[in-house]
>>> print(open('query-v3.pdb').read())   # PDB, C-alpha atoms
ATOM      1  CA  MET A   1     -72.849 120.233  10.512
ATOM      2  CA  PRO A   2     -71.780 121.244  14.051
ATOM      3  CA  ALA A   3     -71.126 118.481  16.546
ATOM      4  CA  ARG A   4     -73.966 117.685  18.913
ATOM      5  CA  THR A   5     -73.391 118.978  22.433
ATOM      6  CA  GLY A   6     -75.134 118.318  25.715
ATOM      7  CA  ARG A   7     -77.268 115.283  26.506
ATOM      8  CA  PRO A   8     -78.435 113.014  23.672
ATOM      9  CA  PRO A   9     -82.142 113.346  22.874
ATOM     10  CA  LYS A  10     -84.532 111.017  24.689
ATOM     11  CA  ILE A  11     -85.492 108.032  22.597
ATOM     12  CA  SER A  12     -88.100 105.309  22.965
ATOM     13  CA  LYS A  13     -88.083 101.651  22.026
ATOM     14  CA  THR A  14     -90.503 102.552  19.212
ATOM     15  CA  ASP A  15     -87.959 105.048  17.850
ATOM     16  CA  ILE A  16     -85.301 102.349  17.927
ATOM     17  CA  LEU A  17     -87.438  99.752  16.159
ATOM     18  CA  THR A  18     -88.516 102.243  13.500
ATOM     19  CA  ALA A  19     -84.902 103.175  12.825
ATOM     20  CA  ALA A  20     -83.853  99.511  12.772
ATOM     21  CA  HIS A  21     -86.520  98.756  10.163
ATOM     22  CA  ARG A  22     -85.230 101.653   8.084
ATOM     23  CA  VAL A  23     -81.625 100.429   8.207
ATOM     24  CA  ILE A  24     -82.598  96.856   7.337
ATOM     25  CA  ASP A  25     -84.890  97.902   4.485
ATOM     26  CA  GLU A  26     -82.217 100.124   2.957
ATOM     27  CA  GLU A  27     -79.015  98.196   3.712
ATOM     28  CA  GLY A  28     -79.838  94.720   5.047
ATOM     29  CA  THR A  29     -79.322  93.058   8.407
ATOM     30  CA  GLN A  30     -75.539  93.079   8.103
ATOM     31  CA  ALA A  31     -75.591  96.872   8.299
ATOM     32  CA  LEU A  32     -77.599  96.841  11.520
ATOM     33  CA  THR A  33     -75.125  97.486  14.322
ATOM     34  CA  MET A  34     -75.666  99.342  17.564
ATOM     35  CA  ARG A  35     -73.268 102.058  16.405
ATOM     36  CA  ARG A  36     -75.058 102.421  13.060
ATOM     37  CA  LEU A  37     -78.440 102.471  14.790
ATOM     38  CA  ALA A  38     -77.275 105.127  17.255
ATOM     39  CA  ARG A  39     -76.324 107.385  14.361
ATOM     40  CA  GLU A  40     -79.721 106.781  12.781
ATOM     41  CA  VAL A  41     -81.639 107.954  15.871
ATOM     42  CA  GLY A  42     -79.155 110.697  16.778
ATOM     43  CA  THR A  43     -77.891 109.291  20.053
ATOM     44  CA  THR A  44     -75.023 107.236  21.468
ATOM     45  CA  PRO A  45     -74.637 103.446  21.485
ATOM     46  CA  MET A  46     -74.676 103.500  25.284
ATOM     47  CA  ALA A  47     -78.105 105.169  25.246
ATOM     48  CA  LEU A  48     -79.469 102.296  23.150
ATOM     49  CA  TYR A  49     -78.382  99.751  25.750
ATOM     50  CA  HIS A  50     -80.954 101.185  28.152
ATOM     51  CA  HIS A  51     -83.604  99.783  25.789
ATOM     52  CA  VAL A  52     -82.037  96.717  24.114
ATOM     53  CA  ARG A  53     -79.218  94.485  25.311
ATOM     54  CA  ASP A  54     -77.621  93.789  21.920
ATOM     55  CA  LYS A  55     -78.322  93.208  18.241
ATOM     56  CA  ASP A  56     -79.849  89.786  18.883
ATOM     57  CA  GLU A  57     -82.410  91.225  21.287
ATOM     58  CA  LEU A  58     -83.180  93.944  18.785
ATOM     59  CA  LEU A  59     -83.783  91.368  16.039
ATOM     60  CA  LEU A  60     -86.011  89.370  18.405
ATOM     61  CA  LEU A  61     -88.088  92.477  19.060
ATOM     62  CA  LEU A  62     -88.432  93.032  15.316
ATOM     63  CA  LEU A  63     -89.410  89.398  14.762
ATOM     64  CA  ASP A  64     -92.024  89.547  17.526
ATOM     65  CA  GLU A  65     -93.377  92.839  16.244
ATOM     66  CA  TYR A  66     -93.848  91.442  12.761
ATOM     67  CA  ALA A  67     -95.251  88.088  13.904
ATOM     68  CA  ALA A  68     -97.797  89.847  16.123
ATOM     69  CA  GLY A  69     -99.257  91.564  13.068
ATOM     70  CA  VAL A  70     -99.601  88.430  10.936
ATOM     71  CA  PRO A  71    -103.068  86.847  11.257
ATOM     72  CA  ARG A  72    -103.142  83.137  11.995
ATOM     73  CA  PRO A  73    -104.925  81.449   9.096
ATOM     74  CA  GLU A  74    -107.521  78.777   9.690
ATOM     75  CA  PRO A  75    -106.970  75.381   8.019
ATOM     76  CA  PRO A  76    -109.389  74.725   5.136
ATOM     77  CA  ALA A  77    -112.670  73.243   6.390
ATOM     78  CA  GLY A  78    -112.633  69.462   6.139
ATOM     79  CA  ALA A  79    -109.055  69.424   4.862
ATOM     80  CA  GLY A  80    -107.035  66.247   5.125
ATOM     81  CA  PRO A  81    -103.487  66.186   6.488
ATOM     82  CA  GLY A  82    -101.882  66.898   3.125
ATOM     83  CA  GLU A  83    -104.020  69.951   2.469
ATOM     84  CA  ARG A  84    -103.339  71.179   6.011
ATOM     85  CA  VAL A  85     -99.584  70.973   5.388
ATOM     86  CA  VAL A  86     -99.904  72.770   2.049
ATOM     87  CA  ALA A  87    -102.113  75.499   3.543
ATOM     88  CA  ALA A  88     -99.703  76.113   6.429
ATOM     89  CA  ALA A  89     -96.688  76.178   4.113
ATOM     90  CA  VAL A  90     -98.392  78.607   1.723
ATOM     91  CA  ALA A  91     -99.390  80.851   4.643
ATOM     92  CA  MET A  92     -95.819  80.775   5.971
ATOM     93  CA  ARG A  93     -94.461  81.708   2.579
ATOM     94  CA  GLU A  94     -96.958  84.556   2.149
ATOM     95  CA  ALA A  95     -96.042  85.955   5.568
ATOM     96  CA  LEU A  96     -92.299  85.864   4.891
ATOM     97  CA  THR A  97     -92.250  86.965   1.240
ATOM     98  CA  ARG A  98     -92.965  90.536   2.352
ATOM     99  CA  VAL A  99     -89.913  90.548   4.657
ATOM    100  CA  PRO A 100     -87.143  88.427   3.104
ATOM    101  CA  TRP A 101     -84.649  89.730   5.678
ATOM    102  CA  ILE A 102     -86.498  87.652   8.291
ATOM    103  CA  VAL A 103     -85.762  84.526   6.259
ATOM    104  CA  GLU A 104     -82.067  85.413   6.432
ATOM    105  CA  VAL A 105     -82.298  85.658  10.235
ATOM    106  CA  LEU A 106     -84.336  82.468  10.658
ATOM    107  CA  ARG A 107     -82.055  80.388   8.429
ATOM    108  CA  ALA A 108     -79.294  80.766  11.001
ATOM    109  CA  ASP A 109     -81.359  78.398  13.212
ATOM    110  CA  ASP A 110     -81.062  80.551  16.316
ATOM    111  CA  LEU A 111     -83.426  83.507  16.657
ATOM    112  CA  MET A 112     -87.163  83.014  16.265
ATOM    113  CA  SER A 113     -90.449  84.453  17.447
ATOM    114  CA  ALA A 114     -92.563  82.194  19.652
ATOM    115  CA  ARG A 115     -95.587  83.928  18.103
ATOM    116  CA  ALA A 116     -94.814  82.232  14.772
ATOM    117  CA  LEU A 117     -94.517  78.667  16.079
ATOM    118  CA  TRP A 118     -98.013  77.939  14.805
ATOM    119  CA  TYR A 119     -96.524  77.116  11.395
ATOM    120  CA  PRO A 120     -94.288  74.212  12.474
ATOM    121  CA  GLU A 121     -96.937  73.057  14.965
ATOM    122  CA  GLU A 122     -99.575  72.822  12.242
ATOM    123  CA  ILE A 123     -97.289  71.137   9.722
ATOM    124  CA  ILE A 124     -95.894  68.601  12.194
ATOM    125  CA  ASP A 125     -99.330  67.800  13.657
ATOM    126  CA  ALA A 126    -100.805  67.237  10.192
ATOM    127  CA  ALA A 127     -97.835  65.065   9.191
ATOM    128  CA  VAL A 128     -98.288  62.900  12.292
ATOM    129  CA  GLN A 129    -101.992  62.568  11.505
ATOM    130  CA  ALA A 130    -100.995  61.441   8.016
ATOM    131  CA  GLY A 131     -99.036  58.563   9.543
ATOM    132  CA  LEU A 132     -95.494  59.848  10.070
ATOM    133  CA  THR A 133     -93.697  59.363  13.356
ATOM    134  CA  PRO A 134     -93.094  62.625  15.265
ATOM    135  CA  GLU A 135     -89.408  62.396  14.328
ATOM    136  CA  ASP A 136     -90.184  61.956  10.625
ATOM    137  CA  ALA A 137     -92.755  64.745  10.870
ATOM    138  CA  VAL A 138     -90.016  67.089  12.086
ATOM    139  CA  ASP A 139     -87.891  66.019   9.112
ATOM    140  CA  ALA A 140     -90.831  66.776   6.815
ATOM    141  CA  TYR A 141     -91.254  70.220   8.345
ATOM    142  CA  ARG A 142     -87.551  70.993   7.975
ATOM    143  CA  ILE A 143     -87.580  69.919   4.323
ATOM    144  CA  ILE A 144     -90.601  72.154   3.690
ATOM    145  CA  TRP A 145     -88.956  75.033   5.564
ATOM    146  CA  HIS A 146     -85.729  74.803   3.561
ATOM    147  CA  TYR A 147     -87.671  74.670   0.292
ATOM    148  CA  THR A 148     -89.773  77.674   1.312
ATOM    149  CA  ALA A 149     -86.874  79.742   2.651
ATOM    150  CA  GLY A 150     -84.727  78.987  -0.391
ATOM    151  CA  GLU A 151     -87.528  79.922  -2.762
ATOM    152  CA  ILE A 152     -88.115  83.249  -0.982
ATOM    153  CA  SER A 153     -84.400  84.089  -0.931
ATOM    154  CA  ALA A 154     -83.955  83.203  -4.595
ATOM    155  CA  ARG A 155     -86.955  85.239  -5.732
ATOM    156  CA  SER A 156     -85.871  88.200  -3.599
ATOM    157  CA  ALA A 157     -82.371  88.137  -5.094
ATOM    158  CA  ALA A 158     -83.800  87.862  -8.622
ATOM    159  CA  ALA A 159     -86.131  90.803  -7.972
ATOM    160  CA  ARG A 160     -83.192  92.958  -6.846
ATOM    161  CA  ARG A 161     -81.270  91.974  -9.955
ATOM    162  CA  ARG A 162     -84.201  92.877 -12.220
ATOM    163  CA  GLU A 163     -84.379  96.303 -10.600
ATOM    164  CA  ASP A 164     -80.930  97.018 -12.095
ATOM    165  CA  ASP A 165     -82.490  96.643 -15.557
ATOM    166  CA  ARG A 166     -79.171  95.635 -17.072
ATOM    167  CA  PRO A 167     -78.334  92.731 -19.395
ATOM    168  CA  THR A 168     -77.316  89.689 -17.364
ATOM    169  CA  HIS A 169     -74.508  87.223 -17.905
ATOM    170  CA  ARG A 170     -77.104  84.442 -17.959
ATOM    171  CA  GLY A 171     -78.976  86.197 -20.744
ATOM    172  CA  ARG A 172     -75.824  86.445 -22.849
ATOM    173  CA  VAL A 173     -75.030  82.763 -22.261
ATOM    174  CA  PHE A 174     -78.491  81.650 -23.365
ATOM    175  CA  GLU A 175     -78.299  83.784 -26.490
ATOM    176  CA  ASP A 176     -75.227  81.853 -27.658
ATOM    177  CA  LEU A 177     -76.041  78.268 -26.726
ATOM    178  CA  ASP A 178     -74.851  75.574 -29.103
ATOM    179  CA  ALA A 179     -77.995  73.834 -30.331
ATOM    180  CA  THR A 180     -76.035  70.723 -31.289
ATOM    181  CA  ARG A 181     -74.767  70.200 -27.728
ATOM    182  CA  LEU A 182     -77.729  71.594 -25.758
ATOM    183  CA  PRO A 183     -80.739  71.369 -28.071
ATOM    184  CA  ARG A 184     -83.426  71.622 -25.388
ATOM    185  CA  LEU A 185     -81.909  74.635 -23.660
ATOM    186  CA  ALA A 186     -81.120  76.327 -26.969
ATOM    187  CA  ALA A 187     -84.772  75.979 -28.015
ATOM    188  CA  LEU A 188     -85.959  77.372 -24.685
ATOM    189  CA  GLY A 189     -83.269  80.052 -24.504
ATOM    190  CA  PRO A 190     -85.330  83.006 -25.821
ATOM    191  CA  ARG A 191     -88.006  82.270 -23.183
ATOM    192  CA  TRP A 192     -85.705  81.227 -20.355
ATOM    193  CA  GLU A 193     -86.063  84.369 -18.256
ATOM    194  CA  GLU A 194     -89.845  84.355 -18.674
ATOM    195  CA  LEU A 195     -90.112  80.662 -17.778
ATOM    196  CA  THR A 196     -87.795  80.813 -14.766
ATOM    197  CA  SER A 197     -89.493  83.884 -13.299
ATOM    198  CA  ARG A 198     -92.874  82.144 -13.017
ATOM    199  CA  ASP A 199     -94.244  81.522  -9.533
ATOM    200  CA  THR A 200     -94.124  77.733  -9.149
ATOM    201  CA  TYR A 201     -94.285  77.550  -5.347
ATOM    202  CA  ASP A 202     -97.773  76.021  -5.180
ATOM    203  CA  LYS A 203     -96.867  73.342  -7.706
ATOM    204  CA  GLY A 204     -93.609  72.634  -5.909
ATOM    205  CA  ILE A 205     -95.000  72.463  -2.376
ATOM    206  CA  ARG A 206     -97.794  70.117  -3.456
ATOM    207  CA  ALA A 207     -95.321  67.781  -5.153
ATOM    208  CA  LEU A 208     -93.091  67.915  -2.085
ATOM    209  CA  VAL A 209     -95.938  67.115   0.311
ATOM    210  CA  ARG A 210     -97.106  64.205  -1.870
ATOM    211  CA  GLY A 211     -93.614  62.759  -1.675
ATOM    212  CA  LEU A 212     -93.205  63.307   2.072
ATOM    213  CA  LEU A 213     -96.520  61.993   3.402
ATOM    214  CA  PRO A 214     -97.684  58.375   3.272
ATOM    215  CA  ARG A 215    -100.395  57.698   0.737
ATOM    216  CA  PRO A 216    -103.795  57.176   2.352
TER     217      PRO A 216
END
>>> encode(input="query-v3.pdb", output="structure tokens")
Amino acid sequence: MPARTGRPPKISKTDILTAAHRVIDEEGTQALTMRRLAREVGTTPMALYHHVRDKDELLLLLLDEYAAGVPRPEPPAGAGPGERVVAAAVAMREALTRVPWIVEVLRADDLMSARALWYPEEIIDAAVQAGLTPEDAVDAYRIIWHYTAGEISARSAAARRREDDRPTHRGRVFEDLDATRLPRLAALGPRWEELTSRDTYDKGIRALVRGLLPRP
């Protein structure tokens, strides 16, 4: 392919965000560099800097773009504090499950979209109404966040592994378990993949909230 000559083509911020989404979807956030993005849109890295300052600003734009399209759910009518926390956590999980790369960005505890702050606001407010101090309510939110983010990351990784459709090391281990040493696991072994792929988030978040909030 002959080298491009003359001025690079004009690009818009929309072009840049579309290309960034494509890179992330195909290769992950680690592959998203200004040089890689410039190749994707057919321009130079310097041309990108007219639109975005750096990778962090680009990720913030992507976060804001996604958050703007996520509807803010209403708490269940007449719900108590515990149900409010559960509903907000479930809504947060549903919003992020579709874009697990955002979880990776948010877990670094730096970049975030102000548009998505409704989730911690709702959880912390409900926890305070349940009787926690504001400080303990923040702890409760962080515990819920780490549970939710970890669950999304784990399920995303497992889904990618299942796409390979190859026998796993875990499967081979469970086929050969010694029933005298590990009787429970040996009995469950043939169903282990089925059992561990079930969606238990709702059960888990409800148990977590019951343990975190004071009993009425």
>>> residues_near_point(input="query-v3.pdb", point="(-86.9, 83.4, 18.8)", cutoff="12 Å", atoms="only C-alpha atoms", output="JSON list (two decimals) with C-alpha atoms, keeping the file's coordinate frame")
[["chain", "number", "residue", "atom", "x", "y", "z"],
["A", 56, "ASP", "CA", -79.85, 89.79, 18.88],
["A", 57, "GLU", "CA", -82.41, 91.22, 21.29],
["A", 58, "LEU", "CA", -83.18, 93.94, 18.78],
["A", 59, "LEU", "CA", -83.78, 91.37, 16.04],
["A", 60, "LEU", "CA", -86.01, 89.37, 18.40],
["A", 61, "LEU", "CA", -88.09, 92.48, 19.06],
["A", 62, "LEU", "CA", -88.43, 93.03, 15.32],
["A", 63, "LEU", "CA", -89.41, 89.40, 14.76],
["A", 64, "ASP", "CA", -92.02, 89.55, 17.53],
["A", 65, "GLU", "CA", -93.38, 92.84, 16.24],
["A", 67, "ALA", "CA", -95.25, 88.09, 13.90],
["A", 102, "ILE", "CA", -86.50, 87.65, 8.29],
["A", 105, "VAL", "CA", -82.30, 85.66, 10.24],
["A", 106, "LEU", "CA", -84.34, 82.47, 10.66],
["A", 107, "ARG", "CA", -82.06, 80.39, 8.43],
["A", 108, "ALA", "CA", -79.29, 80.77, 11.00],
["A", 109, "ASP", "CA", -81.36, 78.40, 13.21],
["A", 110, "ASP", "CA", -81.06, 80.55, 16.32],
["A", 111, "LEU", "CA", -83.43, 83.51, 16.66],
["A", 112, "MET", "CA", -87.16, 83.01, 16.26],
["A", 113, "SER", "CA", -90.45, 84.45, 17.45],
["A", 114, "ALA", "CA", -92.56, 82.19, 19.65],
["A", 115, "ARG", "CA", -95.59, 83.93, 18.10],
["A", 116, "ALA", "CA", -94.81, 82.23, 14.77],
["A", 117, "LEU", "CA", -94.52, 78.67, 16.08]]
>>> atom_distance(input="query-v3.pdb", atom1="atom CA of A:Ser153", atom2="atom CA of A:Thr18")
23.6 Å
>>> residues_around(input="query-v3.pdb", residues="A:Met46", least_positions_apart="6", cutoff="12 Å", atoms="only C-alpha atoms", output="ChimeraX atom specification")
/A:8,34-35,37-39,52-54
>>> residues_near_point(input="query-v3.pdb", point="(-82.7, 82.5, -27.8)", cutoff="10 Å", atoms="all atoms listed in the file", output="list in words")
Gly171, Arg172, Val173, Phe174, Glu175, Asp176, Leu177, Leu185, Ala186, Ala187, Leu188, Gly189, Pro190, Arg191 and Trp192 of chain A
>>> atom_distance(input="query-v3.pdb", atom1="atom CA of A:Arg161", atom2="atom CA of A:Glu40")
27.2 Å
>>> closest_residue(input="query-v3.pdb", among="A:Arg22, A:Arg215, A:Arg166, A:Lys203", to="A:Gly82", atoms="all atoms listed in the file")
A:Arg215
>>> build_atoms(input="query-v3.pdb", residues="stretch 187-205 of chain A", atoms="N, CA and C atoms", output="compact mmCIF listing (two decimals), in the coordinates of the input")
# COMPACT_ATOMS: atom_id res chain seq x y z
N ALA A 187 -83.41 75.70 -27.55
CA ALA A 187 -84.77 75.98 -28.02
C ALA A 187 -85.53 76.84 -27.01
N LEU A 188 -85.26 76.62 -25.73
CA LEU A 188 -85.96 77.37 -24.68
C LEU A 188 -85.29 78.70 -24.37
N GLY A 189 -84.07 78.89 -24.87
CA GLY A 189 -83.27 80.05 -24.50
C GLY A 189 -83.97 81.39 -24.59
N PRO A 190 -84.67 81.69 -25.71
CA PRO A 190 -85.33 83.01 -25.82
C PRO A 190 -86.41 83.24 -24.77
N ARG A 191 -86.95 82.15 -24.19
CA ARG A 191 -88.01 82.27 -23.18
C ARG A 191 -87.52 81.94 -21.78
N TRP A 192 -86.21 81.74 -21.63
CA TRP A 192 -85.70 81.23 -20.36
C TRP A 192 -86.02 82.15 -19.18
N GLU A 193 -85.79 83.45 -19.35
CA GLU A 193 -86.06 84.37 -18.26
C GLU A 193 -87.55 84.38 -17.91
N GLU A 194 -88.40 84.38 -18.92
CA GLU A 194 -89.84 84.36 -18.67
C GLU A 194 -90.24 83.08 -17.93
N LEU A 195 -89.73 81.94 -18.37
CA LEU A 195 -90.11 80.66 -17.78
C LEU A 195 -89.60 80.53 -16.35
N THR A 196 -88.38 80.99 -16.10
CA THR A 196 -87.80 80.81 -14.77
C THR A 196 -88.25 81.88 -13.78
N SER A 197 -88.98 82.88 -14.23
CA SER A 197 -89.49 83.88 -13.30
C SER A 197 -90.93 83.58 -12.87
N ARG A 198 -91.51 82.51 -13.40
CA ARG A 198 -92.87 82.14 -13.02
C ARG A 198 -92.92 81.69 -11.56
N ASP A 199 -94.06 81.93 -10.92
CA ASP A 199 -94.24 81.52 -9.53
C ASP A 199 -94.71 80.06 -9.51
N THR A 200 -93.82 79.16 -9.15
CA THR A 200 -94.12 77.73 -9.15
C THR A 200 -94.20 77.17 -7.73
N TYR A 201 -94.32 78.04 -6.73
CA TYR A 201 -94.28 77.55 -5.35
C TYR A 201 -95.42 76.57 -5.08
N ASP A 202 -96.64 76.89 -5.48
CA ASP A 202 -97.77 76.02 -5.18
C ASP A 202 -97.57 74.64 -5.81
N LYS A 203 -97.12 74.62 -7.05
CA LYS A 203 -96.87 73.34 -7.71
C LYS A 203 -95.77 72.57 -6.97
N GLY A 204 -94.73 73.29 -6.58
CA GLY A 204 -93.61 72.63 -5.91
C GLY A 204 -93.96 72.11 -4.54
N ILE A 205 -94.69 72.90 -3.74
CA ILE A 205 -95.00 72.46 -2.38
C ILE A 205 -95.96 71.28 -2.41
